[in-house]
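Novice: Okay, handing you the structure first.
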Amino acid sequence: MIQKTTKKLVVANWKMHGNLKQNAALLTDFVENLAHLTHTKVVVCAPYPYLGQLQNLLQSTHIAWGAQNVAKNEVGAFTGEVSAAMLRDFGATYVIIGHSERATAYCESDENVATKFVQAKKHGLTPILCVGETLIEREAGVMEMVVSKQLDTIINAHGAAVFADAVISYEPIWAIGTSLAATPEQAKNMHLFIRNKITNLNLDAANRLKILYGGSVTPQNAVQLFLVENINGGLIGKCSLNAQAFESICHAAEAAST
Ligand code: PGA
């Protein structure tokens, strides 16, 4: 099916990089060079301690900001956790959920991810849910089954309607930080699969869902990827730490959506 959402979304995932000085330089550059985009929403997801800095430098601009994780609980004795309400306190409107780097290094289960997803929505944050397969799973041809199962944990617990106005980011694990992005064809097939899966369950949610591609997006491959049907933007790791590279990617998104 044809996606109804045409405005692109480009999300910077800074991961555990940055400091006050570097962040300020990057953010000032982004504001200067991305403020004029009208068909592309730009979001910066930084480590928790810098949310106040993002709020200071990005409020009253068109660029939104968010976090890279959120607690599944509301409030309480959960040492080291940061709640959705706290993210809202700092003006965050997006949060990345279930990134594979968390699943692998911190044993994040699909059930936790599902709870965090609805917790984010409950507090008015747009969840960016990461899904994707390993290289072994792709080589075995079971990538759609793997992604389907990741989505089913949320669908079975909360229904498909929760995907309305949410974001799914297809991030093949073999493509993250490897310089080996999925081909437009591989991405196209998976994005169509995801859109169709949600469409079969809830047409309204499918029409209001954005599906991003993440994994070694560069200024060079962004142009082709963003032209693919059902690719509504990108989740950008490494290239979001370089102002010129990130801005080129945002400009590619703008060109693809106009
Ligand atoms: P990458 O990271 O662009 O460095 O591959 C993408 C991601 O992990 O979101």
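Each chain in the structure tokens gets a letter, A, B and so on, in the order shown; residues start at 1 in every chain, and ligands are counted from 1 in the order they appear.
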What's around Ala243 (chain A) at 7 Å? Count only C-alpha atoms, leave out sequence neighbours fewer than 2 positions away in its own chain, and write the answer as a VMD selection string.
Specialist: chain A and resid 26 29 to 30 240 to 241 245 to 247
Novice: Keeping only C-alpha atoms, take the residues you just selected and write them out as a compact mmCIF listing (two decimals), in the first residue's frame.
Specialist:
```txt
# COMPACT_ATOMS: atom_id res chain seq x y z
CA LEU A 26 26.72 20.84 16.58
CA ASP A 29 25.18 24.45 13.25
CA PHE A 30 21.99 22.37 12.94
CA SER A 240 24.77 12.64 13.23
CA LEU A 241 28.01 13.56 15.03
CA ALA A 245 27.11 14.87 7.07
CA PHE A 246 23.94 15.09 9.15
CA GLU A 247 22.76 18.20 7.38
```
Novice: Contacts of region 126-134 of chain A at 7 Å or less, counting only C-alpha atoms, minus same-chain residues fewer than 6 places along, as a PyMOL selection string?
Specialist: chain A and resi 93-99+117+120+143+146-147+150+166-174
Novice: Save the residues we just selected, N, CA, C and O atoms, as a PDB file, in the first residue's frame?
Specialist:
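See again-v7.pdb below for the written result:
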```pdb
ATOM      1  N   THR A  93      10.263  15.321  23.326  1.00  0.00           N
ATOM      2  CA  THR A  93       9.015  14.843  22.734  1.00  0.00           C
ATOM      3  C   THR A  93       9.189  13.489  22.020  1.00  0.00           C
ATOM      4  O   THR A  93       8.230  12.924  21.527  1.00  0.00           O
ATOM      5  N   TYR A  94      10.417  13.000  21.962  1.00  0.00           N
ATOM      6  CA  TYR A  94      10.685  11.703  21.313  1.00  0.00           C
ATOM      7  C   TYR A  94      11.534  10.839  22.238  1.00  0.00           C
ATOM      8  O   TYR A  94      12.290  11.363  23.062  1.00  0.00           O
ATOM      9  N   VAL A  95      11.430   9.540  22.087  1.00  0.00           N
ATOM     10  CA  VAL A  95      12.346   8.651  22.811  1.00  0.00           C
ATOM     11  C   VAL A  95      12.582   7.374  21.991  1.00  0.00           C
ATOM     12  O   VAL A  95      11.642   6.797  21.441  1.00  0.00           O
ATOM     13  N   ILE A  96      13.850   7.007  21.877  1.00  0.00           N
ATOM     14  CA  ILE A  96      14.208   5.765  21.183  1.00  0.00           C
ATOM     15  C   ILE A  96      13.965   4.606  22.154  1.00  0.00           C
ATOM     16  O   ILE A  96      14.351   4.671  23.318  1.00  0.00           O
ATOM     17  N   ILE A  97      13.306   3.565  21.648  1.00  0.00           N
ATOM     18  CA  ILE A  97      12.971   2.423  22.500  1.00  0.00           C
ATOM     19  C   ILE A  97      13.499   1.139  21.870  1.00  0.00           C
ATOM     20  O   ILE A  97      13.263   0.895  20.681  1.00  0.00           O
ATOM     21  N   GLY A  98      14.186   0.338  22.666  1.00  0.00           N
ATOM     22  CA  GLY A  98      14.571  -1.002  22.208  1.00  0.00           C
ATOM     23  C   GLY A  98      15.690  -1.024  21.182  1.00  0.00           C
ATOM     24  O   GLY A  98      15.753  -1.943  20.346  1.00  0.00           O
ATOM     25  N   HIS A  99      16.579  -0.041  21.233  1.00  0.00           N
ATOM     26  CA  HIS A  99      17.717  -0.077  20.302  1.00  0.00           C
ATOM     27  C   HIS A  99      18.501  -1.374  20.511  1.00  0.00           C
ATOM     28  O   HIS A  99      18.674  -1.820  21.653  1.00  0.00           O
ATOM     29  N   PHE A 117       7.334   1.322  25.522  1.00  0.00           N
ATOM     30  CA  PHE A 117       6.647   1.931  24.378  1.00  0.00           C
ATOM     31  C   PHE A 117       5.330   2.583  24.825  1.00  0.00           C
ATOM     32  O   PHE A 117       5.075   3.743  24.520  1.00  0.00           O
ATOM     33  N   ALA A 120       5.884   5.598  27.188  1.00  0.00           N
ATOM     34  CA  ALA A 120       6.242   6.814  26.446  1.00  0.00           C
ATOM     35  C   ALA A 120       4.983   7.475  25.894  1.00  0.00           C
ATOM     36  O   ALA A 120       4.763   8.682  26.053  1.00  0.00           O
ATOM     37  N   MET A 143      14.226 -12.990   8.371  1.00  0.00           N
ATOM     38  CA  MET A 143      14.190 -11.606   8.882  1.00  0.00           C
ATOM     39  C   MET A 143      12.771 -11.091   9.117  1.00  0.00           C
ATOM     40  O   MET A 143      12.514 -10.392  10.089  1.00  0.00           O
ATOM     41  N   VAL A 146      11.411 -12.544  12.326  1.00  0.00           N
ATOM     42  CA  VAL A 146      12.045 -11.936  13.502  1.00  0.00           C
ATOM     43  C   VAL A 146      11.407 -10.577  13.812  1.00  0.00           C
ATOM     44  O   VAL A 146      11.018 -10.288  14.951  1.00  0.00           O
ATOM     45  N   VAL A 147      11.262  -9.756  12.794  1.00  0.00           N
ATOM     46  CA  VAL A 147      10.692  -8.417  12.988  1.00  0.00           C
ATOM     47  C   VAL A 147       9.220  -8.540  13.399  1.00  0.00           C
ATOM     48  O   VAL A 147       8.731  -7.817  14.269  1.00  0.00           O
ATOM     49  N   GLN A 150       8.986  -9.273  17.012  1.00  0.00           N
ATOM     50  CA  GLN A 150       9.273  -8.088  17.845  1.00  0.00           C
ATOM     51  C   GLN A 150       8.035  -7.190  17.922  1.00  0.00           C
ATOM     52  O   GLN A 150       7.697  -6.656  18.982  1.00  0.00           O
ATOM     53  N   ALA A 166       3.100   6.865  16.067  1.00  0.00           N
ATOM     54  CA  ALA A 166       4.370   6.368  16.613  1.00  0.00           C
ATOM     55  C   ALA A 166       5.355   6.191  15.447  1.00  0.00           C
ATOM     56  O   ALA A 166       5.029   6.442  14.286  1.00  0.00           O
ATOM     57  N   VAL A 167       6.553   5.775  15.792  1.00  0.00           N
ATOM     58  CA  VAL A 167       7.598   5.576  14.792  1.00  0.00           C
ATOM     59  C   VAL A 167       8.210   4.198  14.992  1.00  0.00           C
ATOM     60  O   VAL A 167       8.493   3.804  16.131  1.00  0.00           O
ATOM     61  N   ILE A 168       8.371   3.463  13.902  1.00  0.00           N
ATOM     62  CA  ILE A 168       9.140   2.211  13.944  1.00  0.00           C
ATOM     63  C   ILE A 168      10.401   2.463  13.128  1.00  0.00           C
ATOM     64  O   ILE A 168      10.323   3.032  12.031  1.00  0.00           O
ATOM     65  N   SER A 169      11.543   2.080  13.667  1.00  0.00           N
ATOM     66  CA  SER A 169      12.772   2.221  12.890  1.00  0.00           C
ATOM     67  C   SER A 169      13.298   0.836  12.562  1.00  0.00           C
ATOM     68  O   SER A 169      13.627   0.059  13.472  1.00  0.00           O
ATOM     69  N   TYR A 170      13.341   0.523  11.264  1.00  0.00           N
ATOM     70  CA  TYR A 170      13.903  -0.758  10.861  1.00  0.00           C
ATOM     71  C   TYR A 170      15.418  -0.621  10.842  1.00  0.00           C
ATOM     72  O   TYR A 170      15.980   0.148  10.060  1.00  0.00           O
ATOM     73  N   GLU A 171      16.058  -1.357  11.737  1.00  0.00           N
ATOM     74  CA  GLU A 171      17.513  -1.270  11.883  1.00  0.00           C
ATOM     75  C   GLU A 171      18.120  -2.663  11.828  1.00  0.00           C
ATOM     76  O   GLU A 171      18.241  -3.325  12.871  1.00  0.00           O
ATOM     77  N   PRO A 172      18.480  -3.135  10.630  1.00  0.00           N
ATOM     78  CA  PRO A 172      19.129  -4.441  10.586  1.00  0.00           C
ATOM     79  C   PRO A 172      20.414  -4.363  11.419  1.00  0.00           C
ATOM     80  O   PRO A 172      21.223  -3.449  11.217  1.00  0.00           O
ATOM     81  N   ILE A 173      20.579  -5.289  12.343  1.00  0.00           N
ATOM     82  CA  ILE A 173      21.700  -5.199  13.297  1.00  0.00           C
ATOM     83  C   ILE A 173      23.042  -5.241  12.558  1.00  0.00           C
ATOM     84  O   ILE A 173      23.991  -4.554  12.932  1.00  0.00           O
ATOM     85  N   TRP A 174      23.085  -5.979  11.461  1.00  0.00           N
ATOM     86  CA  TRP A 174      24.322  -6.100  10.681  1.00  0.00           C
ATOM     87  C   TRP A 174      24.688  -4.792   9.969  1.00  0.00           C
ATOM     88  O   TRP A 174      25.800  -4.650   9.467  1.00  0.00           O
TER      89      TRP A 174
END
```
Novice: What residues have any atom no more than 10 Å from ligand 1 when counting only C-alpha atoms and all ligand atoms, and can you list them as an mmCIF file with all heavy atoms, in the first residue's frame?
Specialist:
```
data_model
loop_
_atom_site.group_PDB
_atom_site.id
_atom_site.type_symbol
_atom_site.label_atom_id
_atom_site.label_comp_id
_atom_site.auth_asym_id
_atom_site.auth_seq_id
_atom_site.Cartn_x
_atom_site.Cartn_y
_atom_site.Cartn_z
ATOM 1 N N VAL A 11 16.210 11.483 12.538
ATOM 2 C CA VAL A 11 16.533 11.476 13.964
ATOM 3 C C VAL A 11 18.023 11.225 14.161
ATOM 4 O O VAL A 11 18.570 10.238 13.658
ATOM 5 C CB VAL A 11 15.725 10.374 14.691
ATOM 6 C CG1 VAL A 11 16.021 10.386 16.190
ATOM 7 C CG2 VAL A 11 14.232 10.545 14.441
ATOM 8 N N ALA A 12 18.670 12.130 14.889
ATOM 9 C CA ALA A 12 20.075 11.941 15.258
ATOM 10 C C ALA A 12 20.117 11.105 16.534
ATOM 11 O O ALA A 12 19.478 11.452 17.523
ATOM 12 C CB ALA A 12 20.728 13.299 15.516
ATOM 13 N N ASN A 13 20.843 9.996 16.483
ATOM 14 C CA ASN A 13 21.056 9.196 17.692
ATOM 15 C C ASN A 13 22.528 9.356 18.062
ATOM 16 O O ASN A 13 23.394 8.695 17.485
ATOM 17 C CB ASN A 13 20.713 7.720 17.410
ATOM 18 C CG ASN A 13 21.011 6.834 18.615
ATOM 19 O OD1 ASN A 13 21.246 7.337 19.720
ATOM 20 N ND2 ASN A 13 20.995 5.528 18.401
ATOM 21 N N TRP A 14 22.779 10.236 19.021
ATOM 22 C CA TRP A 14 24.168 10.529 19.389
ATOM 23 C C TRP A 14 24.819 9.408 20.190
ATOM 24 O O TRP A 14 26.014 9.426 20.434
ATOM 25 C CB TRP A 14 24.231 11.839 20.190
ATOM 26 C CG TRP A 14 24.143 13.063 19.337
ATOM 27 C CD1 TRP A 14 24.086 13.112 17.974
ATOM 28 C CD2 TRP A 14 24.114 14.428 19.790
ATOM 29 N NE1 TRP A 14 24.024 14.415 17.552
ATOM 30 C CE2 TRP A 14 24.046 15.243 18.640
ATOM 31 C CE3 TRP A 14 24.145 15.039 21.055
ATOM 32 C CZ2 TRP A 14 23.999 16.636 18.715
ATOM 33 C CZ3 TRP A 14 24.095 16.427 21.124
ATOM 34 C CH2 TRP A 14 24.027 17.219 19.968
ATOM 35 N N LYS A 15 24.024 8.452 20.648
ATOM 36 C CA LYS A 15 24.546 7.348 21.482
ATOM 37 C C LYS A 15 25.331 7.946 22.651
ATOM 38 O O LYS A 15 24.972 9.010 23.137
ATOM 39 C CB LYS A 15 25.364 6.373 20.627
ATOM 40 C CG LYS A 15 24.572 5.928 19.385
ATOM 41 C CD LYS A 15 25.165 4.775 18.662
ATOM 42 C CE LYS A 15 24.279 4.402 17.473
ATOM 43 N NZ LYS A 15 24.724 3.235 16.758
ATOM 44 N N GLN A 68 17.321 8.458 24.594
ATOM 45 C CA GLN A 68 17.646 7.185 23.925
ATOM 46 C C GLN A 68 17.101 5.979 24.672
ATOM 47 O O GLN A 68 17.334 4.838 24.290
ATOM 48 C CB GLN A 68 19.164 7.069 23.794
ATOM 49 C CG GLN A 68 19.783 8.198 23.002
ATOM 50 C CD GLN A 68 21.296 8.248 23.139
ATOM 51 O OE1 GLN A 68 21.912 7.307 23.615
ATOM 52 N NE2 GLN A 68 21.891 9.350 22.749
ATOM 53 N N ILE A 96 13.850 7.007 21.877
ATOM 54 C CA ILE A 96 14.208 5.765 21.183
ATOM 55 C C ILE A 96 13.965 4.606 22.154
ATOM 56 O O ILE A 96 14.351 4.671 23.318
ATOM 57 C CB ILE A 96 15.699 5.790 20.762
ATOM 58 C CG1 ILE A 96 15.949 6.935 19.761
ATOM 59 C CG2 ILE A 96 16.131 4.448 20.177
ATOM 60 C CD1 ILE A 96 17.425 7.180 19.448
ATOM 61 N N HIS A 99 16.579 -0.041 21.233
ATOM 62 C CA HIS A 99 17.717 -0.077 20.302
ATOM 63 C C HIS A 99 18.501 -1.374 20.511
ATOM 64 O O HIS A 99 18.674 -1.820 21.653
ATOM 65 C CB HIS A 99 18.623 1.140 20.517
ATOM 66 C CG HIS A 99 19.617 1.309 19.413
ATOM 67 N ND1 HIS A 99 20.733 0.507 19.308
ATOM 68 C CD2 HIS A 99 19.653 2.149 18.356
ATOM 69 C CE1 HIS A 99 21.408 0.865 18.217
ATOM 70 N NE2 HIS A 99 20.779 1.853 17.628
ATOM 71 N N SER A 100 18.982 -1.970 19.436
ATOM 72 C CA SER A 100 19.642 -3.280 19.559
ATOM 73 C C SER A 100 20.887 -3.204 20.446
ATOM 74 O O SER A 100 21.261 -4.200 21.062
ATOM 75 C CB SER A 100 20.001 -3.832 18.184
ATOM 76 O OG SER A 100 20.895 -2.965 17.544
ATOM 77 N N GLU A 101 21.517 -2.024 20.517
ATOM 78 C CA GLU A 101 22.691 -1.919 21.396
ATOM 79 C C GLU A 101 22.277 -2.097 22.857
ATOM 80 O O GLU A 101 23.058 -2.568 23.679
ATOM 81 C CB GLU A 101 23.389 -0.568 21.170
ATOM 82 C CG GLU A 101 24.209 -0.583 19.892
ATOM 83 C CD GLU A 101 24.512 0.795 19.314
ATOM 84 O OE1 GLU A 101 24.284 1.806 19.993
ATOM 85 O OE2 GLU A 101 24.969 0.836 18.160
ATOM 86 N N CYS A 130 12.804 0.442 17.777
ATOM 87 C CA CYS A 130 13.780 -0.166 16.870
ATOM 88 C C CYS A 130 13.513 -1.664 16.720
ATOM 89 O O CYS A 130 13.347 -2.362 17.719
ATOM 90 C CB CYS A 130 15.194 0.030 17.409
ATOM 91 S SG CYS A 130 15.642 1.764 17.572
ATOM 92 N N SER A 169 11.543 2.080 13.667
ATOM 93 C CA SER A 169 12.772 2.221 12.890
ATOM 94 C C SER A 169 13.298 0.836 12.562
ATOM 95 O O SER A 169 13.627 0.059 13.472
ATOM 96 C CB SER A 169 13.809 3.030 13.676
ATOM 97 O OG SER A 169 14.904 3.312 12.836
ATOM 98 N N TYR A 170 13.341 0.523 11.264
ATOM 99 C CA TYR A 170 13.903 -0.758 10.861
ATOM 100 C C TYR A 170 15.418 -0.621 10.842
ATOM 101 O O TYR A 170 15.980 0.148 10.060
ATOM 102 C CB TYR A 170 13.386 -1.179 9.480
ATOM 103 C CG TYR A 170 14.145 -2.371 8.937
ATOM 104 C CD1 TYR A 170 14.290 -3.528 9.712
ATOM 105 C CD2 TYR A 170 14.747 -2.341 7.684
ATOM 106 C CE1 TYR A 170 15.020 -4.616 9.242
ATOM 107 C CE2 TYR A 170 15.465 -3.421 7.205
ATOM 108 C CZ TYR A 170 15.599 -4.558 7.992
ATOM 109 O OH TYR A 170 16.323 -5.628 7.538
ATOM 110 N N GLU A 171 16.058 -1.357 11.737
ATOM 111 C CA GLU A 171 17.513 -1.270 11.883
ATOM 112 C C GLU A 171 18.120 -2.663 11.828
ATOM 113 O O GLU A 171 18.241 -3.325 12.871
ATOM 114 C CB GLU A 171 17.855 -0.663 13.243
ATOM 115 C CG GLU A 171 17.175 0.653 13.527
ATOM 116 C CD GLU A 171 18.161 1.637 14.108
ATOM 117 O OE1 GLU A 171 18.916 1.259 15.019
ATOM 118 O OE2 GLU A 171 18.195 2.754 13.620
ATOM 119 N N PRO A 172 18.480 -3.135 10.630
ATOM 120 C CA PRO A 172 19.129 -4.441 10.586
ATOM 121 C C PRO A 172 20.414 -4.363 11.419
ATOM 122 O O PRO A 172 21.223 -3.449 11.217
ATOM 123 C CB PRO A 172 19.437 -4.645 9.102
ATOM 124 C CG PRO A 172 19.181 -3.353 8.412
ATOM 125 C CD PRO A 172 18.386 -2.480 9.316
ATOM 126 N N ILE A 173 20.579 -5.289 12.343
ATOM 127 C CA ILE A 173 21.700 -5.199 13.297
ATOM 128 C C ILE A 173 23.042 -5.241 12.558
ATOM 129 O O ILE A 173 23.991 -4.554 12.932
ATOM 130 C CB ILE A 173 21.579 -6.320 14.360
ATOM 131 C CG1 ILE A 173 20.316 -6.058 15.196
ATOM 132 C CG2 ILE A 173 22.804 -6.383 15.267
ATOM 133 C CD1 ILE A 173 19.903 -7.192 16.113
ATOM 134 N N TRP A 174 23.085 -5.979 11.461
ATOM 135 C CA TRP A 174 24.322 -6.100 10.681
ATOM 136 C C TRP A 174 24.688 -4.792 9.969
ATOM 137 O O TRP A 174 25.800 -4.650 9.467
ATOM 138 C CB TRP A 174 24.200 -7.250 9.661
ATOM 139 C CG TRP A 174 22.919 -7.236 8.884
ATOM 140 C CD1 TRP A 174 21.754 -7.853 9.230
ATOM 141 C CD2 TRP A 174 22.656 -6.556 7.650
ATOM 142 N NE1 TRP A 174 20.784 -7.617 8.288
ATOM 143 C CE2 TRP A 174 21.314 -6.823 7.307
ATOM 144 C CE3 TRP A 174 23.413 -5.767 6.795
ATOM 145 C CZ2 TRP A 174 20.704 -6.317 6.160
ATOM 146 C CZ3 TRP A 174 22.825 -5.251 5.644
ATOM 147 C CH2 TRP A 174 21.481 -5.530 5.346
ATOM 148 N N ALA A 175 23.758 -3.856 9.941
ATOM 149 C CA ALA A 175 24.029 -2.601 9.228
ATOM 150 C C ALA A 175 24.409 -1.464 10.177
ATOM 151 O O ALA A 175 24.872 -0.420 9.734
ATOM 152 C CB ALA A 175 22.795 -2.190 8.420
ATOM 153 N N ILE A 176 24.240 -1.686 11.478
ATOM 154 C CA ILE A 176 24.482 -0.598 12.432
ATOM 155 C C ILE A 176 25.978 -0.434 12.689
ATOM 156 O O ILE A 176 26.648 -1.372 13.145
ATOM 157 C CB ILE A 176 23.736 -0.859 13.768
ATOM 158 C CG1 ILE A 176 22.224 -0.877 13.514
ATOM 159 C CG2 ILE A 176 24.101 0.199 14.808
ATOM 160 C CD1 ILE A 176 21.393 -1.240 14.723
ATOM 161 N N GLY A 177 26.492 0.749 12.375
ATOM 162 C CA GLY A 177 27.892 1.069 12.646
ATOM 163 C C GLY A 177 28.879 0.244 11.857
ATOM 164 O O GLY A 177 30.034 0.104 12.242
ATOM 165 N N THR A 178 28.439 -0.324 10.737
ATOM 166 C CA THR A 178 29.319 -1.224 9.982
ATOM 167 C C THR A 178 29.724 -0.670 8.630
ATOM 168 O O THR A 178 30.526 -1.285 7.925
ATOM 169 C CB THR A 178 28.600 -2.566 9.718
ATOM 170 O OG1 THR A 178 27.389 -2.276 8.992
ATOM 171 C CG2 THR A 178 28.270 -3.297 10.993
ATOM 172 N N SER A 179 29.142 0.439 8.225
ATOM 173 C CA SER A 179 29.310 1.008 6.876
ATOM 174 C C SER A 179 28.659 0.123 5.812
ATOM 175 O O SER A 179 28.897 0.295 4.626
ATOM 176 C CB SER A 179 30.781 1.197 6.488
ATOM 177 O OG SER A 179 31.443 1.925 7.473
ATOM 178 N N LEU A 180 27.870 -0.835 6.234
ATOM 179 C CA LEU A 180 27.216 -1.745 5.289
ATOM 180 C C LEU A 180 25.702 -1.570 5.411
ATOM 181 O O LEU A 180 25.031 -2.352 6.073
ATOM 182 C CB LEU A 180 27.610 -3.186 5.649
ATOM 183 C CG LEU A 180 27.286 -4.230 4.617
ATOM 184 C CD1 LEU A 180 28.353 -4.247 3.528
ATOM 185 C CD2 LEU A 180 27.197 -5.617 5.278
ATOM 186 N N ALA A 181 25.187 -0.523 4.792
ATOM 187 C CA ALA A 181 23.748 -0.254 4.894
ATOM 188 C C ALA A 181 22.962 -1.301 4.110
ATOM 189 O O ALA A 181 23.492 -1.938 3.194
ATOM 190 C CB ALA A 181 23.458 1.131 4.338
ATOM 191 N N TYR A 213 14.373 4.109 8.385
ATOM 192 C CA TYR A 213 15.452 3.142 8.182
ATOM 193 C C TYR A 213 16.669 3.623 8.977
ATOM 194 O O TYR A 213 17.000 4.826 8.949
ATOM 195 C CB TYR A 213 15.832 3.000 6.693
ATOM 196 C CG TYR A 213 17.115 2.216 6.592
ATOM 197 C CD1 TYR A 213 17.109 0.822 6.745
ATOM 198 C CD2 TYR A 213 18.345 2.866 6.480
ATOM 199 C CE1 TYR A 213 18.290 0.110 6.759
ATOM 200 C CE2 TYR A 213 19.532 2.159 6.494
ATOM 201 C CZ TYR A 213 19.494 0.771 6.638
ATOM 202 O OH TYR A 213 20.670 0.070 6.676
ATOM 203 N N GLY A 214 17.344 2.709 9.672
ATOM 204 C CA GLY A 214 18.571 3.047 10.396
ATOM 205 C C GLY A 214 19.633 1.995 10.170
ATOM 206 O O GLY A 214 19.327 0.793 10.082
ATOM 207 N N GLY A 215 20.885 2.416 10.107
ATOM 208 C CA GLY A 215 21.998 1.480 9.907
ATOM 209 C C GLY A 215 22.897 1.974 8.798
ATOM 210 O O GLY A 215 22.602 1.781 7.617
ATOM 211 N N SER A 216 23.990 2.681 9.195
ATOM 212 C CA SER A 216 24.988 3.174 8.242
ATOM 213 C C SER A 216 24.412 4.083 7.157
ATOM 214 O O SER A 216 24.832 4.015 6.002
ATOM 215 C CB SER A 216 25.767 2.002 7.624
ATOM 216 O OG SER A 216 26.502 1.337 8.636
ATOM 217 N N VAL A 217 23.450 4.925 7.550
ATOM 218 C CA VAL A 217 22.969 5.930 6.594
ATOM 219 C C VAL A 217 24.057 7.004 6.465
ATOM 220 O O VAL A 217 24.616 7.464 7.465
ATOM 221 C CB VAL A 217 21.647 6.578 7.059
ATOM 222 C CG1 VAL A 217 21.222 7.683 6.091
ATOM 223 C CG2 VAL A 217 20.547 5.533 7.193
ATOM 224 N N THR A 218 24.366 7.371 5.235
ATOM 225 C CA THR A 218 25.383 8.389 4.949
ATOM 226 C C THR A 218 24.795 9.391 3.948
ATOM 227 O O THR A 218 23.751 9.110 3.335
ATOM 228 C CB THR A 218 26.626 7.745 4.289
ATOM 229 O OG1 THR A 218 26.202 7.170 3.034
ATOM 230 C CG2 THR A 218 27.268 6.678 5.154
ATOM 231 N N GLY A 234 15.028 8.597 8.504
ATOM 232 C CA GLY A 234 16.127 7.764 8.985
ATOM 233 C C GLY A 234 16.500 8.016 10.429
ATOM 234 O O GLY A 234 16.225 9.081 10.987
ATOM 235 N N LEU A 235 17.093 6.993 11.023
ATOM 236 C CA LEU A 235 17.686 7.106 12.365
ATOM 237 C C LEU A 235 19.200 7.055 12.133
ATOM 238 O O LEU A 235 19.722 6.057 11.630
ATOM 239 C CB LEU A 235 17.207 5.964 13.258
ATOM 240 C CG LEU A 235 17.684 5.941 14.717
ATOM 241 C CD1 LEU A 235 17.365 7.248 15.435
ATOM 242 C CD2 LEU A 235 17.017 4.797 15.478
ATOM 243 N N ILE A 236 19.862 8.137 12.497
ATOM 244 C CA ILE A 236 21.253 8.320 12.072
ATOM 245 C C ILE A 236 22.183 8.288 13.274
ATOM 246 O O ILE A 236 22.061 9.127 14.179
ATOM 247 C CB ILE A 236 21.427 9.694 11.349
ATOM 248 C CG1 ILE A 236 20.244 9.999 10.409
ATOM 249 C CG2 ILE A 236 22.771 9.750 10.632
ATOM 250 C CD1 ILE A 236 20.013 9.007 9.303
ATOM 251 N N GLY A 237 23.127 7.349 13.297
ATOM 252 C CA GLY A 237 24.094 7.262 14.385
ATOM 253 C C GLY A 237 25.333 8.080 14.067
ATOM 254 O O GLY A 237 25.380 9.284 14.269
ATOM 255 N N LYS A 238 26.345 7.402 13.546
ATOM 256 C CA LYS A 238 27.656 8.018 13.325
ATOM 257 C C LYS A 238 27.589 9.367 12.593
ATOM 258 O O LYS A 238 28.213 10.346 13.010
ATOM 259 C CB LYS A 238 28.525 7.025 12.530
ATOM 260 C CG LYS A 238 29.966 7.438 12.409
ATOM 261 C CD LYS A 238 30.824 6.250 12.004
ATOM 262 C CE LYS A 238 32.229 6.726 11.674
ATOM 263 N NZ LYS A 238 32.636 6.357 10.326
ATOM 264 N N CYS A 239 26.854 9.420 11.518
ATOM 265 C CA CYS A 239 26.830 10.646 10.711
ATOM 266 C C CYS A 239 26.094 11.795 11.400
ATOM 267 O O CYS A 239 26.147 12.922 10.920
ATOM 268 C CB CYS A 239 26.234 10.375 9.332
ATOM 269 S SG CYS A 239 27.413 9.589 8.219
ATOM 270 N N SER A 240 25.442 11.526 12.533
ATOM 271 C CA SER A 240 24.768 12.638 13.229
ATOM 272 C C SER A 240 25.747 13.392 14.121
ATOM 273 O O SER A 240 25.417 14.413 14.714
ATOM 274 C CB SER A 240 23.593 12.131 14.067
ATOM 275 O OG SER A 240 24.030 11.373 15.173
ATOM 276 N N LEU A 241 26.989 12.887 14.210
ATOM 277 C CA LEU A 241 28.006 13.555 15.031
ATOM 278 C C LEU A 241 28.864 14.484 14.178
ATOM 279 O O LEU A 241 29.800 15.106 14.670
ATOM 280 C CB LEU A 241 28.898 12.498 15.703
ATOM 281 C CG LEU A 241 28.151 11.592 16.688
ATOM 282 C CD1 LEU A 241 28.992 10.366 17.034
ATOM 283 C CD2 LEU A 241 27.768 12.351 17.947
#
```
Novice: Can you tell me which residues surround Asp165 (chain A) at a distance of at most 12 Å, considering only C-alpha atoms, apart from same-chain residues fewer than 4 positions away, and format the answer as a ChimeraX atom specification?
Specialist: /A:4-5,94,121,124-129,160-161,204-211
Novice: What lies within 8 Å of Leu87 (chain A) using only C-alpha atoms, ignoring chain neighbours under 4 positions off, as a list in words?
Specialist: Leu51, Gly66, Ala67, Val82, Ser83, Gly91, Ala92 and Thr93 of chain A
Novice: Within 9 Å of region 251-258 of chain A, counting only C-alpha atoms, which residues qualify if same-chain residues fewer than 2 places away don't, as a PyMOL selection string?
Specialist: chain A and resi 6-10+34+37-40+219+222-224+226-228+232-234+246-249
Novice: Do you have the CA of Ile154 (chain A)-CA of Ala187 (chain A) distance handy?
Specialist: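 So the answer is 22.0 Å.
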Novice: Distance CA of Met190 (chain A)-CA of Ala105 (chain A), one decimal place?
Specialist: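 These two atoms are separated by 25.1 Å.
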Novice: Which one of A:Asn189, A:Asn221, A:Asn33, A:Asn156 sits closest to Leu201 (chain A) if you count only C-alpha atoms?
Specialist: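 Of A:Asn189, A:Asn221, A:Asn33, A:Asn156, the one nearest Leu201 (chain A) is A:Asn156, counting only C-alpha atoms.
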Novice: Could you jot down the CA of Ala46 (chain A) to CA of Met16 (chain A) separation for me, Å, one decimal place?
Specialist: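 Computing it gives 7.8 Å between the two atoms.
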Novice: Hey, which of A:Ile231, A:Cys45, A:Tyr50, A:Glu111 ends up closest to Ala24 (chain A)? Count only C-alpha atoms.
Specialist: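 Of A:Ile231, A:Cys45, A:Tyr50, A:Glu111, the one nearest Ala24 (chain A), counting only C-alpha atoms, is A:Tyr50.
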Novice: Would you return as a list in words the members of region 108-147 of chain A that DSSP assigns to alpha helix (DSSP H) on this structure's backbone?
Specialist: Asp110, Glu111, Asn112, Val113, Ala114, Thr115, Lys116, Phe117, Val118, Gln119, Ala120, Lys121, Lys122, Leu135, Ile136, Glu137, Arg138, Glu139, Met143, Glu144, Met145, Val146 and Val147 of chain A
